[in-house]
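*Asks:* Sharing coords_39.cif below, mmCIF, C-alpha atoms and all ligand atoms:
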data_target
loop_
_atom_site.label_atom_id
_atom_site.label_comp_id
_atom_site.auth_asym_id
_atom_site.auth_seq_id
_atom_site.Cartn_x
_atom_site.Cartn_y
_atom_site.Cartn_z
CA MET A 1279 59.02 132.15 -167.71
CA PHE A 1280 62.78 132.63 -167.66
CA LEU A 1281 63.17 128.98 -168.48
CA PHE A 1282 61.57 129.54 -171.87
CA ILE A 1283 63.30 132.85 -172.45
CA SER A 1284 66.67 131.39 -171.67
CA ARG A 1285 66.27 128.48 -174.05
CA PRO A 1286 67.67 130.02 -177.29
CA THR A 1287 71.17 130.84 -176.04
CA ARG A 1288 74.04 129.18 -177.85
CA THR A 1289 74.91 127.03 -174.84
CA LEU A 1290 71.37 125.74 -174.66
CA GLY A 1291 70.95 125.16 -178.35
CA ASN A 1292 70.15 121.49 -178.14
CA ARG A 1293 67.50 121.99 -175.50
CA MET A 1294 66.10 124.84 -177.64
CA GLN A 1295 65.65 122.49 -180.54
CA SER A 1296 63.76 120.00 -178.43
CA VAL A 1297 61.48 122.69 -177.00
CA ARG A 1298 60.88 124.10 -180.52
CA GLU A 1299 59.70 120.66 -181.58
CA ARG A 1300 57.32 120.47 -178.60
CA LEU A 1301 55.91 123.97 -178.86
CA GLY A 1302 55.76 124.39 -182.61
CA PRO A 1303 57.70 126.93 -184.68
CA ASP A 1304 55.42 129.97 -184.18
CA LEU A 1305 55.46 130.01 -180.40
CA ALA A 1306 59.16 129.13 -180.34
CA ASP A 1307 59.94 132.04 -182.71
CA GLN A 1308 58.01 134.44 -180.49
CA LEU A 1309 59.92 133.21 -177.45
CA ASP A 1310 63.20 133.65 -179.37
CA ALA A 1311 62.27 137.23 -180.18
CA LEU A 1312 61.31 137.88 -176.58
CA HIS A 1313 64.61 136.43 -175.44
CA ARG A 1314 66.62 138.62 -177.84
CA ASN A 1315 64.78 141.75 -176.65
CA VAL A 1316 65.51 140.93 -173.03
CA MET A 1317 69.18 140.38 -173.80
CA ARG A 1318 69.33 143.72 -175.61
CA THR A 1319 68.13 145.57 -172.49
CA GLY A 1320 71.30 144.43 -170.68
CA LEU A 1321 69.27 143.84 -167.53
CA VAL A 1322 70.08 140.16 -167.45
CA SER A 1323 73.11 138.13 -168.57
CA THR A 1324 73.26 134.77 -170.30
CA GLN A 1325 74.83 133.30 -167.15
CA GLU A 1326 71.91 134.52 -165.06
CA LEU A 1327 69.45 132.98 -167.48
CA GLU A 1328 71.32 129.68 -167.41
CA GLU A 1329 71.37 129.76 -163.63
CA ALA A 1330 67.62 130.36 -163.60
CA PHE A 1331 67.16 127.44 -165.94
CA ARG A 1332 69.28 125.19 -163.75
CA LYS A 1333 67.27 126.09 -160.67
CA THR A 1334 64.02 125.38 -162.44
CA ARG A 1335 65.35 122.12 -163.84
CA ASP A 1336 66.46 121.05 -160.36
CA MET A 1337 63.13 121.91 -158.77
CA ASP A 1338 62.23 118.24 -158.41
CA HIS A 1339 65.41 117.76 -156.40
CA ASN A 1340 64.96 120.84 -154.25
CA PRO A 1341 66.18 120.03 -150.73
CA ASN A 1342 63.34 122.07 -149.19
CA ARG A 1343 60.84 120.02 -151.11
CA LEU A 1344 62.54 116.85 -149.93
CA ASN A 1345 62.36 118.11 -146.35
CA LEU A 1346 58.64 118.71 -146.75
CA LEU A 1347 58.14 115.19 -148.08
CA TRP A 1348 60.13 113.81 -145.17
CA LEU A 1349 58.02 115.83 -142.74
CA LEU A 1350 54.77 114.58 -144.28
CA GLY A 1351 56.14 111.04 -144.13
CA ILE A 1352 57.04 111.37 -140.45
CA VAL A 1353 53.60 112.82 -139.59
CA PHE A 1354 51.91 110.00 -141.47
CA PHE A 1355 54.14 107.43 -139.74
CA ILE A 1356 53.32 108.85 -136.31
CA MET A 1357 49.59 108.85 -137.06
CA VAL A 1358 49.69 105.24 -138.15
CA ALA A 1359 52.39 103.91 -135.86
CA THR A 1360 51.19 105.49 -132.60
CA PRO A 1361 47.82 103.70 -132.42
CA VAL A 1362 49.48 100.46 -133.49
CA PHE A 1363 52.09 100.92 -130.75
CA PHE A 1364 49.53 101.60 -128.02
CA GLU A 1365 47.28 98.77 -129.19
CA THR A 1366 50.25 96.41 -129.03
CA ILE A 1367 51.18 97.59 -125.54
CA SER A 1368 47.53 97.26 -124.47
CA PHE A 1369 47.45 93.72 -125.85
CA LEU A 1370 50.69 92.77 -124.11
CA LEU A 1371 49.54 94.24 -120.80
CA GLY A 1372 46.14 92.64 -121.14
CA VAL A 1373 44.24 95.90 -120.77
CA ARG A 1374 41.57 97.24 -123.05
CA CYS A 1375 43.01 100.69 -123.39
CA PHE A 1376 46.57 101.75 -122.59
CA LEU A 1377 45.48 105.39 -122.31
CA PRO A 1378 42.36 105.03 -120.15
CA ASN A 1379 39.40 106.90 -121.59
CA ASN A 1380 41.63 108.74 -124.03
CA TYR A 1381 41.77 111.66 -121.62
CA LEU A 1382 44.51 113.32 -123.64
CA VAL A 1383 42.50 113.16 -126.84
CA TRP A 1384 39.34 114.32 -125.11
CA GLU A 1385 41.11 117.24 -123.47
CA ALA A 1386 42.58 118.26 -126.79
CA THR A 1387 39.23 118.15 -128.54
CA ARG A 1388 36.79 119.49 -125.93
CA PRO A 1389 34.97 122.75 -126.66
CA ILE A 1390 36.16 125.89 -124.86
CA SER A 1391 33.95 126.67 -121.86
CA ASP A 1392 32.10 129.99 -121.62
CA CYS A 1393 32.46 129.82 -117.77
CA GLU A 1394 28.84 130.85 -117.15
CA PHE A 1395 28.13 127.55 -115.39
CA CYS A 1396 30.68 128.08 -112.63
CA LYS A 1397 30.52 131.81 -111.87
CA GLY A 1398 29.85 132.30 -108.18
CA VAL A 1399 29.56 128.58 -107.45
CA ARG A 1400 31.58 127.70 -104.35
CA ALA A 1401 29.68 124.65 -103.06
CA PRO A 1402 26.98 122.21 -104.15
CA LEU A 1403 23.34 122.93 -103.59
CA ILE A 1404 22.33 120.67 -100.72
CA LEU A 1405 18.68 119.64 -100.75
CA ALA A 1406 16.73 117.58 -98.31
CA ASN A 1407 14.92 114.61 -99.80
CA LEU A 1408 12.23 116.08 -102.03
CA THR A 1409 9.50 115.36 -104.53
CA MET A 1410 9.68 115.47 -108.30
CA ASP A 1411 7.81 118.78 -108.36
CA GLU A 1412 10.12 120.30 -105.80
CA PHE A 1413 13.14 119.14 -107.72
CA ALA A 1414 11.81 120.35 -111.09
CA PRO A 1415 13.42 123.86 -110.94
CA HIS A 1416 16.84 122.23 -110.44
CA ALA A 1417 16.41 119.27 -112.76
CA TYR A 1418 18.54 120.45 -115.64
CA SER A 1419 20.82 122.82 -113.79
CA SER A 1420 24.60 122.72 -114.13
CA MET A 1421 24.77 123.45 -110.40
CA PRO A 1422 26.18 120.47 -108.47
CA ILE A 1423 23.46 119.09 -106.18
CA ILE A 1424 23.34 116.70 -103.26
CA VAL A 1425 19.94 115.29 -102.35
CA LYS A 1426 20.38 114.02 -98.80
CA ARG A 1427 19.03 110.57 -97.93
CA ALA A 1428 17.37 110.33 -101.34
CA VAL A 1429 18.31 106.69 -101.93
CA ALA A 1430 18.49 105.50 -98.33
CA HIS A 1431 15.28 103.51 -98.83
CA TRP A 1432 16.56 101.55 -101.82
CA PRO A 1433 16.96 97.78 -101.29
CA ALA A 1434 20.39 98.23 -102.89
CA GLN A 1435 21.46 100.16 -99.83
CA LYS A 1436 21.08 96.98 -97.84
CA HIS A 1437 21.78 94.19 -100.31
CA LEU A 1438 24.21 95.43 -102.93
CA SER A 1439 27.75 94.47 -101.94
CA PHE A 1440 30.96 93.09 -103.40
CA ALA A 1441 29.83 89.57 -102.48
CA PHE A 1442 26.40 90.08 -104.11
CA MET A 1443 27.92 91.22 -107.38
CA LYS A 1444 30.57 88.50 -107.37
CA GLU A 1445 27.83 85.89 -107.04
CA LEU A 1446 25.71 87.61 -109.69
CA TYR A 1447 28.52 87.76 -112.25
CA GLU A 1448 29.70 84.24 -111.53
CA GLY A 1449 26.17 83.13 -112.39
CA VAL A 1450 26.45 84.87 -115.77
CA PRO A 1451 30.10 84.18 -116.66
CA GLU A 1452 29.77 85.55 -120.19
CA ALA A 1453 29.01 88.96 -118.66
CA MET A 1454 32.57 89.12 -117.34
CA ASP A 1455 33.96 88.58 -120.84
CA SER A 1456 31.64 91.08 -122.48
CA ASP A 1457 32.73 94.33 -124.10
CA CYS A 1458 31.16 96.42 -121.35
CA GLN A 1459 33.44 99.34 -120.52
CA PHE A 1460 35.81 98.63 -117.64
CA LEU A 1461 37.72 101.36 -115.79
CA HIS A 1462 40.62 100.24 -113.62
CA PHE A 1463 41.67 103.77 -112.61
CA ASN A 1464 44.95 103.43 -110.69
CA SER A 1465 44.46 99.85 -109.63
CA ASP A 1466 46.24 96.77 -110.91
CA LEU A 1467 42.93 95.07 -111.73
CA LYS A 1468 42.52 95.07 -115.50
CA SER A 1469 39.21 93.27 -115.93
CA LEU A 1470 36.02 92.31 -114.17
CA LYS A 1471 37.27 88.75 -114.10
CA GLN A 1472 40.32 89.85 -112.11
CA VAL A 1473 38.10 91.85 -109.75
CA PHE A 1474 35.96 88.86 -108.89
CA SER A 1475 38.99 86.55 -108.70
CA MET A 1476 40.47 88.52 -105.81
CA SER A 1477 40.87 86.74 -102.52
CA GLU A 1478 38.42 87.77 -99.83
CA GLU A 1479 41.32 89.36 -97.93
CA ARG A 1480 42.31 91.48 -100.91
CA SER A 1481 38.73 92.40 -101.71
CA ASN A 1482 38.12 93.70 -98.18
CA LEU A 1483 41.59 95.23 -97.98
CA THR A 1484 42.79 93.23 -95.04
CA GLN A 1485 45.57 92.28 -97.44
CA GLY A 1486 47.25 93.92 -100.39
CA VAL A 1487 47.03 97.43 -101.80
CA PRO A 1488 43.89 99.56 -102.23
CA TRP A 1489 41.94 99.15 -105.45
CA PHE A 1490 39.15 101.07 -107.11
CA VAL A 1491 37.31 100.07 -110.29
CA GLY A 1492 34.21 100.90 -112.27
CA TRP A 1493 32.32 99.25 -115.08
CA SER A 1494 29.33 99.59 -117.29
CA VAL A 1495 26.57 97.11 -116.60
CA CYS A 1496 25.65 96.62 -120.23
CA GLN A 1497 24.62 92.97 -120.07
CA PRO A 1498 20.79 93.01 -119.98
CA ALA A 1499 20.52 89.96 -117.74
CA VAL A 1500 22.85 91.44 -115.13
CA LEU A 1501 21.32 94.89 -115.40
CA ALA A 1502 17.83 93.49 -114.87
CA GLU A 1503 18.94 91.72 -111.68
CA LEU A 1504 20.66 94.81 -110.34
CA ARG A 1505 17.74 97.09 -111.14
CA LYS A 1506 15.55 94.93 -108.96
CA LEU A 1507 17.47 96.56 -106.10
CA TYR A 1508 17.09 100.16 -107.17
CA PRO A 1509 14.58 102.25 -109.11
CA ARG A 1510 15.33 105.45 -110.95
CA PRO A 1511 15.69 108.30 -108.46
CA HIS A 1512 12.13 109.33 -107.56
CA PHE A 1513 12.79 113.07 -107.89
CA LEU A 1514 13.97 113.00 -111.52
CA PRO A 1515 11.54 114.33 -114.17
CA VAL A 1516 9.15 111.65 -115.33
CA ASP A 1517 10.00 112.34 -118.98
CA ALA A 1518 13.77 112.28 -118.47
CA GLU A 1519 15.48 109.92 -120.85
CA MET A 1520 17.45 107.14 -119.14
CA PRO A 1521 20.25 105.05 -120.65
CA HIS A 1522 20.20 101.30 -121.18
CA THR A 1523 23.25 100.81 -118.98
CA ASP A 1524 24.27 101.83 -115.50
CA PHE A 1525 27.72 102.06 -113.94
CA ILE A 1526 28.99 100.47 -110.77
CA LEU A 1527 31.95 102.15 -109.06
CA MET A 1528 33.54 100.58 -106.04
CA GLY A 1529 36.74 100.27 -104.08
CA TYR A 1530 39.03 102.02 -101.67
CA GLU A 1531 40.93 105.27 -101.25
CA GLN A 1532 41.83 106.81 -104.60
CA GLY A 1533 38.98 106.97 -107.06
CA ALA A 1534 38.98 108.81 -110.34
CA VAL A 1535 41.61 111.45 -111.02
CA MET A 1536 40.53 114.88 -112.33
CA HIS A 1537 38.67 114.44 -115.62
CA LEU A 1538 35.59 115.28 -117.63
CA ASP A 1539 33.00 112.69 -118.67
CA TYR A 1540 32.15 112.41 -122.35
CA ILE A 1541 28.55 111.33 -121.88
CA PRO A 1542 25.40 112.56 -123.60
CA ARG A 1543 23.33 113.39 -120.49
CA LEU A 1544 23.55 114.69 -116.95
CA MET A 1545 24.89 112.28 -114.36
CA TRP A 1546 23.46 111.06 -111.09
CA GLN A 1547 25.17 108.88 -108.52
CA ALA A 1548 23.66 107.00 -105.63
CA GLN A 1549 26.13 106.60 -102.78
CA LEU A 1550 25.26 103.21 -101.30
CA SER A 1551 28.26 102.45 -99.09
CA GLY A 1552 31.03 104.57 -97.63
CA ASN A 1553 31.63 108.28 -97.83
CA LYS A 1554 33.08 109.80 -100.94
CA SER A 1555 34.80 113.14 -101.40
CA TRP A 1556 34.24 115.05 -104.61
CA PHE A 1557 36.66 117.63 -105.96
CA LEU A 1558 35.20 119.89 -108.63
CA ALA A 1559 37.08 122.38 -110.75
CA PRO A 1560 36.12 124.58 -113.69
CA ALA A 1561 37.85 124.29 -117.03
CA PRO A 1562 41.34 125.88 -116.94
CA GLU A 1563 40.18 128.78 -119.10
CA CYS A 1564 37.72 129.72 -116.29
CA ASP A 1565 40.33 129.88 -113.51
CA HIS A 1566 40.13 133.67 -113.36
CA GLN A 1567 36.32 133.64 -112.92
CA CYS A 1568 35.58 130.45 -110.98
CA GLN A 1569 37.08 128.43 -108.18
CA PRO A 1570 37.51 124.75 -107.43
CA PHE A 1571 35.80 123.34 -104.37
CA SER A 1572 35.16 120.03 -102.66
CA PHE A 1573 32.40 118.30 -100.74
CA TYR A 1574 31.53 114.82 -99.56
CA VAL A 1575 28.54 112.55 -99.76
CA GLU A 1576 27.36 109.92 -97.31
CA PRO A 1577 25.61 106.58 -97.74
CA GLY A 1578 22.03 107.19 -98.84
CA ASP A 1579 22.82 110.48 -100.63
CA ALA A 1580 22.29 111.15 -104.31
CA VAL A 1581 24.69 113.49 -106.05
CA LEU A 1582 24.07 115.19 -109.38
CA VAL A 1583 26.89 116.84 -111.27
CA ASP A 1584 27.15 117.87 -114.88
CA THR A 1585 30.37 115.96 -115.25
CA ARG A 1586 30.62 117.05 -118.89
CA ILE A 1587 31.59 120.57 -117.85
CA TRP A 1588 32.85 120.20 -114.27
CA TYR A 1589 36.23 118.54 -113.94
CA HIS A 1590 35.89 116.08 -111.11
CA ALA A 1591 37.92 113.67 -109.00
CA ASN A 1592 37.02 111.44 -106.07
CA THR A 1593 38.66 109.94 -103.02
CA ILE A 1594 37.34 107.60 -100.36
CA PRO A 1595 38.35 107.94 -96.71
CA LYS A 1596 41.05 105.48 -95.73
CA GLY A 1597 39.69 102.08 -94.78
CA GLN A 1598 36.16 102.69 -96.08
CA PHE A 1599 34.63 100.70 -98.92
CA SER A 1600 32.71 102.88 -101.37
CA LEU A 1601 29.97 101.44 -103.56
CA THR A 1602 28.09 103.64 -105.99
CA VAL A 1603 25.52 103.22 -108.73
CA GLN A 1604 25.86 105.82 -111.44
CA SER A 1605 23.64 106.57 -114.38
CA GLU A 1606 22.43 109.45 -116.54
CA TYR A 1607 19.29 111.38 -117.27
CA GLY A 1608 18.40 114.07 -119.72
FE FE B 1 33.65 110.93 -114.31
#
Can you turn what I pasted into structure tokens?

*Replies:*
Amino acid sequence: MFLFISRPTRTLGNRMQSVRERLGPDLADQLDALHRNVMRTGLVSTQELEEAFRKTRDMDHNPNRLNLLWLLGIVFFIMVATPVFFETISFLLGVRCFLPNNYLVWEATRPISDCEFCKGVRAPLILANLTMDEFAPHAYSSMPIIVKRAVAHWPAQKHLSFAFMKELYEGVPEAMDSDCQFLHFNSDLKSLKQVFSMSEERSNLTQGVPWFVGWSVCQPAVLAELRKLYPRPHFLPVDAEMPHTDFILMGYEQGAVMHLDYIPRLMWQAQLSGNKSWFLAPAPECDHQCQPFSFYVEPGDAVLVDTRIWYHANTIPKGQFSLTVQSEYG
């Protein structure tokens, strides 16, 4: 407003004329009259009006505005450049994802827990092998459950091994190059091809450093062969929805670090070889109401954990080879 009022001063006469031409004589005359009245009040000087005009004129060159534009530019650059950077690093390292599972992104975007699931839980519910009806009251619980010896009768318990899977995948070489999810955890093995290219000594840990990997069996031909060795757990509800892929997890010593799974259903795991320790913890916002705890499972046990809400990590006793089939139900 002061810009227009300040226009008709003697020092701004030329600009006044140009504004008069743009606005038309009537509006310009009214602004002139308004300007003269303001000047008569003595509340503002011509210099102050000119200064106000200058500031308004220079608005497009305002350093604060420039800073804001710079800031927006930097944010945009980071948003675009960061994925490009990590993709490039991933490509150079030959791994599918430089930040495995996007844990940082998932943690930043997960919903806040209401802590009801973990109040008073200090250990898993340990059940003896049981029928579907007996299991029904627990079927969709967020309580961690071990069903002892539930999968001990599976042919997989006897036949599924590193050597079996190596032979199976080498018979379907395209399965090793597929886009099935591969998790290398802390190991140096970046693909299924590298896993099955290990020397026998490295694979059985008589040589080299421990390794632990997991992958999604999403190739139908491979999945069909594997499922000949194991059924769905007999105690799960008959109408429970099952996925079209299963996971194999195997290796030595350090398994998964503390994390949540971003999966649509509840998880079950069949422990086929080796013992495995589980470490469960509530979400950090539940620390004042709930406590972390640990337990272990033995070959032949089934373990059920809602890994979407329980943070979990695993380790395998030194020297033991752990082999697990994992899937979902819901
Ligand atoms: Fe997990």

*Asks:* Expressed in Å to a single decimal, how great is the separation between CA of Ala1414 (chain A) and CA of Gly1398 (chain A)?

*Replies:*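 Straight-line distance from CA of Ala1414 (chain A) to CA of Gly1398 (chain A) works out to 21.8 Å.
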
*Asks:* Please, which residues have at least one atom within 10 Å of an atom of ligand FE 1 (chain B), using only C-alpha atoms and all ligand atoms, listed as number ranges by chain?

*Replies:* A: 1533-1541, 1545, 1583-1586, 1588-1592, 1604

*Asks:* Please, what distance in Å, to one decimal, runs between CA of Ser1456 (chain A) and CA of Ile1594 (chain A)?

*Replies:*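 According to the coordinates, CA of Ser1456 (chain A) and CA of Ile1594 (chain A) are separated by 28.2 Å.
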
*Asks:* Write out as number ranges by chain which residues come within 8 Å of region 1420-1435 of chain A when counting only C-alpha atoms, dropping same-chain ones fewer than 2 positions away.

*Replies:* A: 1395-1396, 1399, 1401-1408, 1418, 1437-1438, 1507-1509, 1511, 1548-1551, 1575, 1577-1584

*Asks:* Using all atoms listed in the file, determine which residues lie at most 6 Å from Leu1527 (chain A), disregarding the query and same-chain residues fewer than 5 positions distant; provide the list as a PyMOL selection string.

*Replies:* chain A and resi 1491-1492+1601-1602

*Asks:* Take the selection from the previous step and output its residues with C-alpha atoms, as an mmCIF file, keeping the file's coordinate frame.

*Replies:*
data_model
loop_
_atom_site.group_PDB
_atom_site.id
_atom_site.type_symbol
_atom_site.label_atom_id
_atom_site.label_comp_id
_atom_site.auth_asym_id
_atom_site.auth_seq_id
_atom_site.Cartn_x
_atom_site.Cartn_y
_atom_site.Cartn_z
ATOM 1 C CA VAL A 1491 37.310 100.070 -110.290
ATOM 2 C CA GLY A 1492 34.210 100.900 -112.270
ATOM 3 C CA LEU A 1601 29.970 101.440 -103.560
ATOM 4 C CA THR A 1602 28.090 103.640 -105.990
#

*Asks:* Do you have the CA of Cys1496 (chain A)-CA of Ser1469 (chain A) distance handy?

*Replies:*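 Straight-line distance from CA of Cys1496 (chain A) to CA of Ser1469 (chain A) works out to 14.6 Å.
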
*Asks:* Counting only C-alpha atoms, which of A:Asn1345, A:Gln1308, A:Gln1485, A:Ser1600 gets nearest to Asn1553 (chain A)?

*Replies:*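 Among the listed residues, A:Ser1600 lies closest to Asn1553 (chain A).
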
*Asks:* Please, which residues are within 10 Å of (33.7, 93.0, -121.5) by the file's coordinates, counting all atoms listed in the file, and could they come as a list in words?

*Replies:*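 The answer, in the requested form, is Arg1374, Glu1452, Ala1453, Met1454, Asp1455, Ser1456, Asp1457, Cys1458, Gln1459, Phe1460, Ser1469, Leu1470, Lys1471, Trp1493, Ser1494, Val1495, Cys1496 and Gln1497 of chain A.
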